[in-house]
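Okay, input_7.cif now, which holds mmCIF, C-alpha atoms:
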```cif
data_entry
loop_
_atom_site.group_PDB
_atom_site.id
_atom_site.type_symbol
_atom_site.label_atom_id
_atom_site.label_comp_id
_atom_site.auth_asym_id
_atom_site.auth_seq_id
_atom_site.Cartn_x
_atom_site.Cartn_y
_atom_site.Cartn_z
ATOM 1 C CA MET A 1 8.868 -15.429 -40.816
ATOM 2 C CA ASP A 2 9.315 -19.138 -40.140
ATOM 3 C CA LYS A 3 9.778 -19.768 -36.390
ATOM 4 C CA GLU A 4 8.563 -16.283 -35.483
ATOM 5 C CA LEU A 5 7.912 -15.983 -31.754
ATOM 6 C CA ASN A 6 4.437 -17.197 -30.859
ATOM 7 C CA THR A 7 2.996 -18.117 -27.473
ATOM 8 C CA ASN A 8 4.316 -21.695 -27.498
ATOM 9 C CA ILE A 9 7.780 -20.799 -28.788
ATOM 10 C CA LYS A 10 8.162 -17.998 -26.253
ATOM 11 C CA ALA A 11 7.070 -20.343 -23.450
ATOM 12 C CA ALA A 12 9.680 -22.875 -24.585
ATOM 13 C CA LEU A 13 12.408 -20.223 -24.578
ATOM 14 C CA LEU A 14 11.344 -18.889 -21.171
ATOM 15 C CA SER A 15 11.390 -22.391 -19.723
ATOM 16 C CA VAL A 16 15.119 -22.513 -20.506
ATOM 17 C CA GLY A 17 15.688 -18.853 -19.668
ATOM 18 C CA SER A 18 19.260 -18.713 -20.899
ATOM 19 C CA VAL A 19 21.290 -18.862 -24.094
ATOM 20 C CA GLN A 20 24.800 -19.092 -25.482
ATOM 21 C CA VAL A 21 25.568 -16.126 -27.709
ATOM 22 C CA ASP A 22 28.005 -15.761 -30.594
ATOM 23 C CA ASP A 23 30.510 -13.004 -29.749
ATOM 24 C CA SER A 24 30.063 -11.443 -33.193
ATOM 25 C CA LEU A 25 26.566 -10.305 -32.212
ATOM 26 C CA PHE A 26 27.736 -7.614 -29.789
ATOM 27 C CA PRO A 27 29.176 -4.719 -31.820
ATOM 28 C CA ASP A 28 26.384 -2.275 -30.873
ATOM 29 C CA LYS A 29 25.798 -2.804 -27.143
ATOM 30 C CA LEU A 30 23.064 -5.384 -27.599
ATOM 31 C CA GLU A 31 23.823 -6.890 -24.198
ATOM 32 C CA SER A 32 21.978 -5.848 -21.025
ATOM 33 C CA LYS A 33 23.148 -6.362 -17.451
ATOM 34 C CA ALA A 34 20.608 -6.807 -14.652
ATOM 35 C CA THR A 35 21.183 -4.845 -11.434
ATOM 36 C CA ALA A 36 18.039 -5.685 -9.465
ATOM 37 C CA GLY A 37 16.014 -8.691 -8.380
ATOM 38 C CA PRO A 38 16.709 -12.416 -8.707
ATOM 39 C CA GLY A 39 18.569 -11.959 -12.008
ATOM 40 C CA ALA A 40 20.962 -9.285 -10.730
ATOM 41 C CA GLY A 41 24.522 -9.615 -11.945
ATOM 42 C CA GLY A 42 23.629 -11.552 -15.077
ATOM 43 C CA SER A 43 23.903 -10.329 -18.654
ATOM 44 C CA SER A 44 21.174 -10.976 -21.189
ATOM 45 C CA ILE A 45 19.879 -10.370 -24.688
ATOM 46 C CA PHE A 46 16.452 -9.438 -26.054
ATOM 47 C CA LEU A 47 15.191 -11.443 -29.016
ATOM 48 C CA LYS A 48 12.209 -10.029 -30.898
ATOM 49 C CA SER A 49 10.079 -11.170 -33.801
ATOM 50 C CA GLY A 50 6.605 -10.053 -34.696
ATOM 51 C CA ASN A 51 5.018 -8.326 -31.709
ATOM 52 C CA ARG A 52 6.776 -10.424 -29.068
ATOM 53 C CA ARG A 53 10.109 -10.236 -27.301
ATOM 54 C CA VAL A 54 11.932 -12.533 -24.909
ATOM 55 C CA ARG A 55 14.833 -11.838 -22.574
ATOM 56 C CA LEU A 56 17.401 -14.626 -22.173
ATOM 57 C CA THR A 57 20.321 -14.666 -19.745
ATOM 58 C CA ILE A 58 23.700 -15.317 -21.340
ATOM 59 C CA ASN A 59 25.068 -18.635 -20.088
ATOM 60 C CA ASP A 60 27.743 -20.696 -21.809
ATOM 61 C CA ALA A 61 26.205 -23.870 -20.361
ATOM 62 C CA SER A 62 22.753 -23.240 -21.862
ATOM 63 C CA PRO A 63 21.311 -25.799 -24.306
ATOM 64 C CA LEU A 64 20.190 -22.876 -26.491
ATOM 65 C CA ARG A 65 22.490 -20.941 -28.831
ATOM 66 C CA VAL A 66 21.848 -17.685 -30.673
ATOM 67 C CA VAL A 67 23.790 -17.286 -33.904
ATOM 68 C CA PRO A 68 23.603 -14.841 -36.835
ATOM 69 C CA GLU A 69 21.652 -15.735 -39.986
ATOM 70 C CA ASP A 70 21.697 -13.083 -42.712
ATOM 71 C CA GLU A 71 19.927 -9.988 -41.306
ATOM 72 C CA HIS A 72 18.331 -12.031 -38.517
ATOM 73 C CA VAL A 73 19.462 -14.289 -35.697
ATOM 74 C CA VAL A 74 18.270 -17.781 -34.880
ATOM 75 C CA ALA A 75 17.922 -19.567 -31.562
ATOM 76 C CA VAL A 76 19.119 -23.148 -31.985
ATOM 77 C CA LYS A 77 18.769 -26.183 -29.716
ATOM 78 C CA GLY A 78 20.913 -29.068 -30.898
ATOM 79 C CA ASP A 79 20.428 -29.120 -34.670
ATOM 80 C CA ASP A 80 16.952 -27.579 -34.562
ATOM 81 C CA VAL A 81 16.049 -23.941 -35.132
ATOM 82 C CA VAL A 82 13.725 -22.940 -32.291
ATOM 83 C CA ALA A 83 13.104 -19.285 -33.161
ATOM 84 C CA ARG A 84 14.054 -16.545 -35.591
ATOM 85 C CA GLY A 85 14.125 -12.829 -34.940
ATOM 86 C CA VAL A 86 16.329 -9.817 -34.360
ATOM 87 C CA LEU A 87 18.290 -8.688 -31.337
ATOM 88 C CA GLU A 88 16.950 -5.502 -29.804
ATOM 89 C CA ARG A 89 19.199 -2.862 -28.330
ATOM 90 C CA PRO A 90 18.442 -2.214 -24.657
ATOM 91 C CA LEU A 91 18.500 1.454 -23.614
ATOM 92 C CA CYS A 92 18.806 1.096 -19.845
ATOM 93 C CA HIS A 93 18.194 -2.548 -18.903
ATOM 94 C CA CYS A 94 15.535 -3.148 -21.581
ATOM 95 C CA PRO A 95 14.412 -1.861 -24.986
ATOM 96 C CA GLU A 96 12.384 1.360 -25.237
ATOM 97 C CA GLN A 97 12.779 2.249 -21.555
ATOM 98 C CA ALA A 98 15.189 3.852 -19.159
ATOM 99 C CA TYR A 99 14.660 1.168 -16.501
ATOM 100 C CA ILE A 100 17.070 2.206 -13.760
ATOM 101 C CA THR A 101 17.995 0.656 -10.406
ATOM 102 C CA LEU A 102 18.603 3.398 -7.846
ATOM 103 C CA SER A 103 20.162 1.254 -5.080
ATOM 104 C CA GLU A 104 22.006 -1.868 -6.208
ATOM 105 C CA LYS A 105 22.233 -3.138 -2.637
ATOM 106 C CA CYS A 106 19.735 -4.312 -0.052
ATOM 107 C CA VAL A 107 19.616 -4.740 3.718
ATOM 108 C CA TYR A 108 16.974 -7.471 3.379
ATOM 109 C CA ASP A 109 18.132 -11.020 2.734
ATOM 110 C CA CYS A 110 15.500 -12.588 0.465
ATOM 111 C CA GLN A 111 16.877 -16.041 -0.245
ATOM 112 C CA PHE A 112 16.242 -16.090 -4.015
ATOM 113 C CA CYS A 113 17.849 -12.678 -4.612
ATOM 114 C CA PRO A 114 21.611 -12.163 -5.146
ATOM 115 C CA VAL A 115 21.535 -8.391 -4.521
ATOM 116 C CA PRO A 116 22.365 -8.636 -0.763
ATOM 117 C CA LYS A 117 25.445 -10.669 -1.735
ATOM 118 C CA MET A 118 26.675 -8.016 -4.164
ATOM 119 C CA ASN A 119 28.567 -4.833 -3.447
ATOM 120 C CA GLY A 120 26.381 -2.666 -5.635
ATOM 121 C CA GLY A 121 26.413 1.101 -5.866
ATOM 122 C CA ILE A 122 23.835 3.843 -5.405
ATOM 123 C CA LYS A 123 22.938 6.214 -8.240
ATOM 124 C CA ASP A 124 22.369 9.843 -7.364
ATOM 125 C CA SER A 125 20.014 12.107 -9.290
ATOM 126 C CA THR A 126 22.801 13.392 -11.529
ATOM 127 C CA LYS A 127 23.625 9.879 -12.699
ATOM 128 C CA VAL A 128 19.959 8.988 -13.236
ATOM 129 C CA LEU A 129 19.304 12.146 -15.263
ATOM 130 C CA GLN A 130 22.404 11.430 -17.362
ATOM 131 C CA MET A 131 21.231 7.872 -18.099
ATOM 132 C CA VAL A 132 17.762 9.056 -19.071
ATOM 133 C CA GLU A 133 19.196 11.775 -21.310
ATOM 134 C CA GLU A 134 21.374 9.222 -23.128
ATOM 135 C CA ALA A 135 18.367 6.951 -23.617
ATOM 136 C CA TYR A 136 16.205 9.872 -24.788
ATOM 137 C CA ALA A 137 18.845 10.876 -27.337
ATOM 138 C CA THR A 138 18.348 7.575 -29.191
ATOM 139 C CA GLY A 139 14.800 8.585 -30.168
ATOM 140 C CA GLU A 140 13.556 5.209 -28.928
ATOM 141 C CA LEU A 141 12.583 6.079 -25.352
ATOM 142 C CA LYS A 142 8.919 5.417 -24.499
ATOM 143 C CA ALA A 143 8.986 5.318 -20.693
ATOM 144 C CA ILE A 144 11.062 5.841 -17.566
ATOM 145 C CA SER A 145 10.985 3.146 -14.889
ATOM 146 C CA LEU A 146 12.718 3.185 -11.522
ATOM 147 C CA THR A 147 13.341 0.322 -9.129
ATOM 148 C CA SER A 148 15.504 -0.039 -6.077
ATOM 149 C CA GLY A 149 16.860 -2.266 -3.381
ATOM 150 C CA VAL A 150 16.827 -1.017 0.200
ATOM 151 C CA ALA A 151 20.216 0.472 0.992
ATOM 152 C CA VAL A 152 19.248 1.897 4.396
ATOM 153 C CA SER A 153 15.466 1.817 4.871
ATOM 154 C CA PRO A 154 12.320 1.602 2.717
ATOM 155 C CA LYS A 155 11.355 5.146 3.737
ATOM 156 C CA LYS A 156 14.646 6.604 2.483
ATOM 157 C CA GLU A 157 14.291 4.739 -0.835
ATOM 158 C CA VAL A 158 10.761 6.089 -1.326
ATOM 159 C CA GLN A 159 11.903 9.626 -0.520
ATOM 160 C CA ARG A 160 14.845 9.405 -2.915
ATOM 161 C CA ALA A 161 12.689 7.931 -5.682
ATOM 162 C CA ALA A 162 10.107 10.686 -5.223
ATOM 163 C CA SER A 163 12.768 13.376 -5.388
ATOM 164 C CA ILE A 164 14.213 11.951 -8.608
ATOM 165 C CA ILE A 165 10.752 11.526 -10.156
ATOM 166 C CA LYS A 166 10.036 15.223 -9.518
ATOM 167 C CA GLN A 167 13.212 16.150 -11.372
ATOM 168 C CA LEU A 168 12.389 13.831 -14.262
ATOM 169 C CA THR A 169 8.870 15.217 -14.693
ATOM 170 C CA ARG A 170 10.336 18.683 -15.148
ATOM 171 C CA GLU A 171 12.544 17.436 -17.981
ATOM 172 C CA TYR A 172 10.472 14.797 -19.811
ATOM 173 C CA ASP A 173 6.880 14.312 -20.880
ATOM 174 C CA LEU A 174 7.037 10.536 -20.489
ATOM 175 C CA PRO A 175 5.213 8.009 -18.293
ATOM 176 C CA ILE A 176 7.144 7.103 -15.150
ATOM 177 C CA GLY A 177 6.722 3.816 -13.288
ATOM 178 C CA VAL A 178 8.310 2.887 -9.974
ATOM 179 C CA SER A 179 8.881 -0.335 -8.031
ATOM 180 C CA VAL A 180 10.073 -0.136 -4.417
ATOM 181 C CA TYR A 181 9.290 -1.767 -1.089
ATOM 182 C CA PRO A 182 6.222 0.057 0.242
ATOM 183 C CA THR A 183 5.920 2.260 3.287
ATOM 184 C CA ALA A 184 2.987 4.013 4.932
ATOM 185 C CA GLY A 185 2.108 6.784 2.492
ATOM 186 C CA SER A 186 4.497 5.653 -0.269
ATOM 187 C CA SER A 187 1.797 5.447 -2.944
ATOM 188 C CA GLU A 188 0.556 8.969 -2.225
ATOM 189 C CA GLU A 189 4.119 10.327 -2.146
ATOM 190 C CA LEU A 190 5.198 8.694 -5.400
ATOM 191 C CA TYR A 191 1.976 9.575 -7.213
ATOM 192 C CA SER A 192 2.234 13.208 -6.100
ATOM 193 C CA ALA A 193 5.823 13.277 -7.351
ATOM 194 C CA GLY A 194 4.647 12.310 -10.849
ATOM 195 C CA ALA A 195 4.699 8.505 -11.101
ATOM 196 C CA CYS A 196 1.790 7.076 -13.110
ATOM 197 C CA GLU A 197 2.253 3.362 -12.274
ATOM 198 C CA ILE A 198 3.440 1.417 -9.231
ATOM 199 C CA LYS A 199 4.702 -2.101 -8.594
ATOM 200 C CA TYR A 200 4.995 -3.596 -5.108
ATOM 201 C CA ASN A 201 6.144 -7.209 -5.272
ATOM 202 C CA VAL A 202 4.410 -9.971 -3.311
ATOM 203 C CA GLU A 203 7.152 -12.392 -4.512
ATOM 204 C CA THR A 204 4.967 -15.388 -3.547
ATOM 205 C CA MET A 205 1.388 -15.742 -2.334
ATOM 206 C CA ASP A 206 2.231 -18.814 -0.263
ATOM 207 C CA PRO A 207 2.620 -17.427 3.301
ATOM 208 C CA GLU A 208 4.911 -20.270 4.403
ATOM 209 C CA LEU A 209 7.195 -19.828 1.402
ATOM 210 C CA PHE A 210 7.192 -16.067 1.918
ATOM 211 C CA ARG A 211 8.387 -16.501 5.507
ATOM 212 C CA ARG A 212 11.098 -18.882 4.322
ATOM 213 C CA PHE A 213 12.376 -16.853 1.390
ATOM 214 C CA CYS A 214 11.713 -13.314 2.673
ATOM 215 C CA PRO A 215 12.224 -13.603 6.447
ATOM 216 C CA ASP A 216 12.722 -9.860 6.954
ATOM 217 C CA LEU A 217 9.594 -8.747 5.077
ATOM 218 C CA SER A 218 5.827 -8.905 5.506
ATOM 219 C CA LEU A 219 3.492 -10.231 2.813
ATOM 220 C CA TYR A 220 0.538 -8.555 4.495
ATOM 221 C CA THR A 221 2.298 -5.180 4.470
ATOM 222 C CA VAL A 222 2.755 -5.542 0.721
ATOM 223 C CA LEU A 223 -0.861 -6.604 0.167
ATOM 224 C CA ASP A 224 -2.181 -3.678 2.201
ATOM 225 C CA ALA A 225 0.052 -1.304 0.244
ATOM 226 C CA LEU A 226 -1.192 -2.736 -3.044
ATOM 227 C CA ASP A 227 -4.800 -2.090 -1.977
ATOM 228 C CA THR A 228 -3.925 1.517 -1.188
ATOM 229 C CA ALA A 229 -2.028 1.838 -4.470
ATOM 230 C CA VAL A 230 -5.130 0.903 -6.471
ATOM 231 C CA ASN A 231 -7.054 3.673 -4.723
ATOM 232 C CA VAL A 232 -4.281 6.152 -5.522
ATOM 233 C CA PHE A 233 -3.107 5.131 -9.012
ATOM 234 C CA GLY A 234 -6.299 3.530 -10.333
ATOM 235 C CA ARG A 235 -7.146 0.426 -12.344
ATOM 236 C CA ASN A 236 -4.514 -1.033 -14.707
ATOM 237 C CA ARG A 237 -1.807 1.018 -13.007
ATOM 238 C CA VAL A 238 -0.819 -1.346 -10.161
ATOM 239 C CA SER A 239 1.137 -4.585 -10.616
ATOM 240 C CA SER A 240 3.106 -7.097 -8.561
ATOM 241 C CA ASN A 241 5.805 -9.647 -9.341
ATOM 242 C CA PHE A 242 4.663 -13.162 -8.393
ATOM 243 C CA ILE A 243 7.589 -15.587 -8.624
ATOM 244 C CA ILE A 244 7.007 -19.052 -10.077
ATOM 245 C CA GLY A 245 9.461 -21.768 -9.097
ATOM 246 C CA LEU A 246 9.901 -21.438 -5.320
ATOM 247 C CA GLY A 247 7.989 -24.643 -4.620
ATOM 248 C CA GLU A 248 4.474 -23.229 -4.693
ATOM 249 C CA SER A 249 1.589 -25.400 -5.898
ATOM 250 C CA ASP A 250 -0.571 -24.482 -8.873
ATOM 251 C CA GLU A 251 -3.508 -24.287 -6.460
ATOM 252 C CA THR A 252 -1.656 -21.640 -4.432
ATOM 253 C CA VAL A 253 -0.903 -19.705 -7.620
ATOM 254 C CA LEU A 254 -4.549 -19.888 -8.663
ATOM 255 C CA LYS A 255 -5.736 -18.595 -5.279
ATOM 256 C CA GLY A 256 -3.102 -15.864 -5.335
ATOM 257 C CA ILE A 257 -4.041 -14.717 -8.841
ATOM 258 C CA LYS A 258 -7.717 -14.669 -7.860
ATOM 259 C CA LEU A 259 -7.045 -12.610 -4.739
ATOM 260 C CA LEU A 260 -4.829 -10.074 -6.503
ATOM 261 C CA THR A 261 -6.998 -9.593 -9.571
ATOM 262 C CA SER A 262 -10.138 -9.278 -7.415
ATOM 263 C CA ARG A 263 -8.386 -6.282 -5.834
ATOM 264 C CA CYS A 264 -7.579 -4.826 -9.306
ATOM 265 C CA ILE A 265 -3.867 -5.717 -8.975
ATOM 266 C CA ILE A 266 -2.149 -7.172 -12.064
ATOM 267 C CA PRO A 267 0.086 -10.156 -11.153
ATOM 268 C CA ILE A 268 3.266 -10.653 -13.177
ATOM 269 C CA LEU A 269 4.113 -14.368 -13.160
ATOM 270 C CA ARG A 270 7.912 -14.347 -13.120
ATOM 271 C CA PRO A 271 9.752 -17.633 -13.804
ATOM 272 C CA ILE A 272 12.816 -17.840 -11.587
ATOM 273 C CA SER A 273 16.274 -19.229 -12.305
ATOM 274 C CA PRO A 274 18.945 -20.382 -9.854
ATOM 275 C CA ASN A 275 21.646 -17.768 -9.236
ATOM 276 C CA PRO A 276 25.294 -18.714 -8.572
ATOM 277 C CA LEU A 277 25.303 -16.456 -5.504
ATOM 278 C CA ARG A 278 22.364 -18.450 -4.104
ATOM 279 C CA LYS A 279 23.488 -21.930 -5.122
ATOM 280 C CA ASN A 280 22.251 -23.543 -1.906
ATOM 281 C CA VAL A 281 18.697 -22.291 -2.371
ATOM 282 C CA LYS A 282 16.308 -24.833 -3.870
ATOM 283 C CA ILE A 283 14.303 -23.343 -6.712
ATOM 284 C CA THR A 284 13.026 -24.827 -9.970
ATOM 285 C CA ARG A 285 12.562 -23.047 -13.292
ATOM 286 C CA PRO A 286 8.988 -23.774 -14.478
ATOM 287 C CA ASP A 287 8.639 -25.748 -17.720
ATOM 288 C CA SER A 288 6.751 -24.452 -20.738
ATOM 289 C CA ALA A 289 3.592 -26.448 -19.992
ATOM 290 C CA ARG A 290 3.311 -24.872 -16.540
ATOM 291 C CA LEU A 291 3.999 -21.389 -17.890
ATOM 292 C CA LEU A 292 1.261 -21.819 -20.519
ATOM 293 C CA LYS A 293 -1.214 -23.228 -17.996
ATOM 294 C CA LEU A 294 -0.673 -20.505 -15.396
ATOM 295 C CA GLY A 295 -0.508 -17.786 -18.028
ATOM 296 C CA GLY A 296 -3.875 -18.899 -19.395
ATOM 297 C CA ILE A 297 -5.377 -18.854 -15.905
ATOM 298 C CA LEU A 298 -4.001 -15.368 -15.333
ATOM 299 C CA LYS A 299 -5.475 -14.085 -18.589
ATOM 300 C CA ASP A 300 -8.894 -15.498 -17.731
ATOM 301 C CA MET A 301 -8.807 -13.910 -14.266
ATOM 302 C CA LEU A 302 -7.746 -10.538 -15.677
ATOM 303 C CA ASP A 303 -10.543 -10.683 -18.243
ATOM 304 C CA ARG A 304 -13.039 -11.566 -15.521
ATOM 305 C CA GLU A 305 -12.095 -8.384 -13.647
ATOM 306 C CA SER A 306 -11.850 -6.274 -16.855
ATOM 307 C CA LEU A 307 -8.163 -5.565 -16.226
ATOM 308 C CA CYS A 308 -6.162 -4.712 -19.359
ATOM 309 C CA VAL A 309 -2.424 -5.360 -19.380
ATOM 310 C CA ASP A 310 -2.070 -3.703 -22.783
ATOM 311 C CA LYS A 311 -2.922 -0.361 -21.159
ATOM 312 C CA SER A 312 0.269 -0.497 -19.075
ATOM 313 C CA ARG A 313 2.798 2.159 -20.021
ATOM 314 C CA THR A 314 5.924 1.322 -17.983
ATOM 315 C CA MET A 315 8.081 -1.352 -16.350
ATOM 316 C CA CYS A 316 7.673 -5.098 -16.904
ATOM 317 C CA LEU A 317 4.201 -5.007 -18.438
ATOM 318 C CA LEU A 318 5.442 -2.700 -21.198
ATOM 319 C CA CYS A 319 8.615 -4.732 -21.798
ATOM 320 C CA THR A 320 7.174 -8.307 -21.545
ATOM 321 C CA GLY A 321 10.633 -9.845 -22.071
ATOM 322 C CA CYS A 322 10.818 -11.969 -18.904
ATOM 323 C CA ASP A 323 7.292 -13.369 -18.796
ATOM 324 C CA LEU A 324 4.332 -14.734 -20.743
ATOM 325 C CA THR A 325 2.266 -11.570 -20.609
ATOM 326 C CA PRO A 326 -1.532 -11.787 -21.014
ATOM 327 C CA HIS A 327 -3.095 -9.643 -23.757
ATOM 328 C CA LYS A 328 0.321 -9.426 -25.416
ATOM 329 C CA ASP A 329 1.735 -12.971 -25.532
ATOM 330 C CA ILE A 330 -1.417 -14.958 -24.733
#
```
Represent the structure of the file as structure tokens.
Amino acid sequence: MDKELNTNIKAALLSVGSVQVDDSLFPDKLESKATAGPGAGGSSIFLKSGNRRVRLTINDASPLRVVPEDEHVVAVKGDDVVARGVLERPLCHCPEQAYITLSEKCVYDCQFCPVPKMNGGIKDSTKVLQMVEEAYATGELKAISLTSGVAVSPKKEVQRAASIIKQLTREYDLPIGVSVYPTAGSSEELYSAGACEIKYNVETMDPELFRRFCPDLSLYTVLDALDTAVNVFGRNRVSSNFIIGLGESDETVLKGIKLLTSRCIIPILRPISPNPLRKNVKITRPDSARLLKLGGILKDMLDRESLCVDKSRTMCLLCTGCDLTPHKDI
């Protein structure tokens, strides 16, 4: 297929991160709405061609447009076709997964994240089981992934996630991944409940930027928890979102990647976009050249430590829509 997604095309699309979408493309619930993290509140689409997919936020001011073309769609910039593919149907948040946010609210005020500014709800186990059942009924479900803000305390979120995971393991023979803020003993508790993969997010490996953007949290607490998680879950089962675009230098990213991979933690380099609810926060979406450069460095570091992203079974490393993912995109 001409203009099928390759590494360079995906990097170019990710550098924009958004797209205008023809209304005629939404008869079958092809739109996904984010409820967690920096992209919370935004709607998006998943474009796939070949073995790659990309997630783009819907934004009427974007320089990219997605329009129908026969049985496919094309992403257009100006008069030029940038990419061709098909739109994938998200199950819960993303294709092939029930990726569910338990608490759509947070007591912590990380400056890049809109969730504390939103009046989100909390899903109980009944709602989660219903969502998973609806996703399972499509015949497309490959994994269950849970994430959460912190509605009251990290400990309560871990306990609630563990309780729901236990219920899910009784109903489904599917891999379950979980991403929460860590507590003492959270890895052991979640693993015992039935989770097979864990993600604790460092957000940034620049200590000064971490203090500025995440004033209520501790980078060292997260790093210690990640070390414990590797001992509990094993190699290729522990990952961490590492935001790109907060003002960090490439040297800081390189050092951060080296530190994490040396501890058998898989970094997920997540390009960030400004959010309307955080309009006074200075962040910069990385361009395609930077994404390609840092993605190549990450792949080399993973290879050096014999870490294999393509063994991941849940969450962001299975989806790949938001990032240039080593061993899959690069």
### Message
Let me make sure I understand: among A:Cys322, A:Ile257, A:Leu302, A:Cys113, which one has the smallest atom-to-atom distance to Asn275 (chain A) if we use all atoms listed in the file?
### Response
A:Cys113
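Residue selection for this entry, given the PyMOL selection byres ((chain A and resi 240) around 7), comprises A:Lys199, A:Tyr200, A:Asn201, A:Val202, A:Ser239, A:Asn241, A:Phe242, A:Ile266, A:Pro267, A:Ile268.
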### Contacts of Gly177 (chain A) within 7 Å, only C-alpha atoms, excl. fewer than 6 positions in-chain, as a list in words
Ile144, Ser145, Leu146, Ala195, Cys196, Glu197, Ile198, Thr314 and Met315 of chain A
### Task
Apply the PyMOL selection byres ((chain A and resi 63) around 8) to the structure shown and report the selected residues as a count of residues only.
9
### Message
I'd like to see the residues matched by the PyMOL selection byres ((chain A and resi 94) around 10) on this file, and ideally I'd get them as a list in words.
### Response
Leu30, Glu31, Ser32, Lys33, Ala34, Ser44, Ile45, Phe46, Arg55, Glu88, Arg89, Pro90, Leu91, Cys92, His93, Pro95, Glu96, Gln97, Ala98, Tyr99, Ile100, Met315, Cys316, Cys319, Thr320 and Gly321 of chain A
### Task
Might you pull out every residue within 10 Å of Thr228 (chain A), with all atoms listed in the file counted and same-chain residues fewer than 2 positions away left off, and present them as JSON, numbers by chain?
{"A": [184, 185, 186, 187, 188, 222, 223, 224, 225, 226, 230, 231, 232, 233, 234, 238]}
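Counting all atoms listed in the file and comparing A:Leu324, A:Leu209, A:Leu307, A:Val178, the residue that lies closest to Leu260 (chain A) is A:Leu307.
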#### Entry: Thr284 (chain A) surroundings by only C-alpha atoms, 12 Å radius, close-in-sequence under 3 positions cut, as a list in words
Ser15, Val16, Gly17, Phe112, Ile243, Ile244, Gly245, Leu246, Gly247, Glu248, Pro271, Ile272, Ser273, Pro274, Asn275, Lys279, Val281, Asp287 and Arg290 of chain A
### Query
If we count all atoms listed in the file, what is near Tyr108 (chain A) at a cut-off of 8 Å, once residues fewer than 3 positions away on the same chain are taken out, given as a list in words?
Pro116, Val150, Cys214, Asp216 and Leu217 of chain A
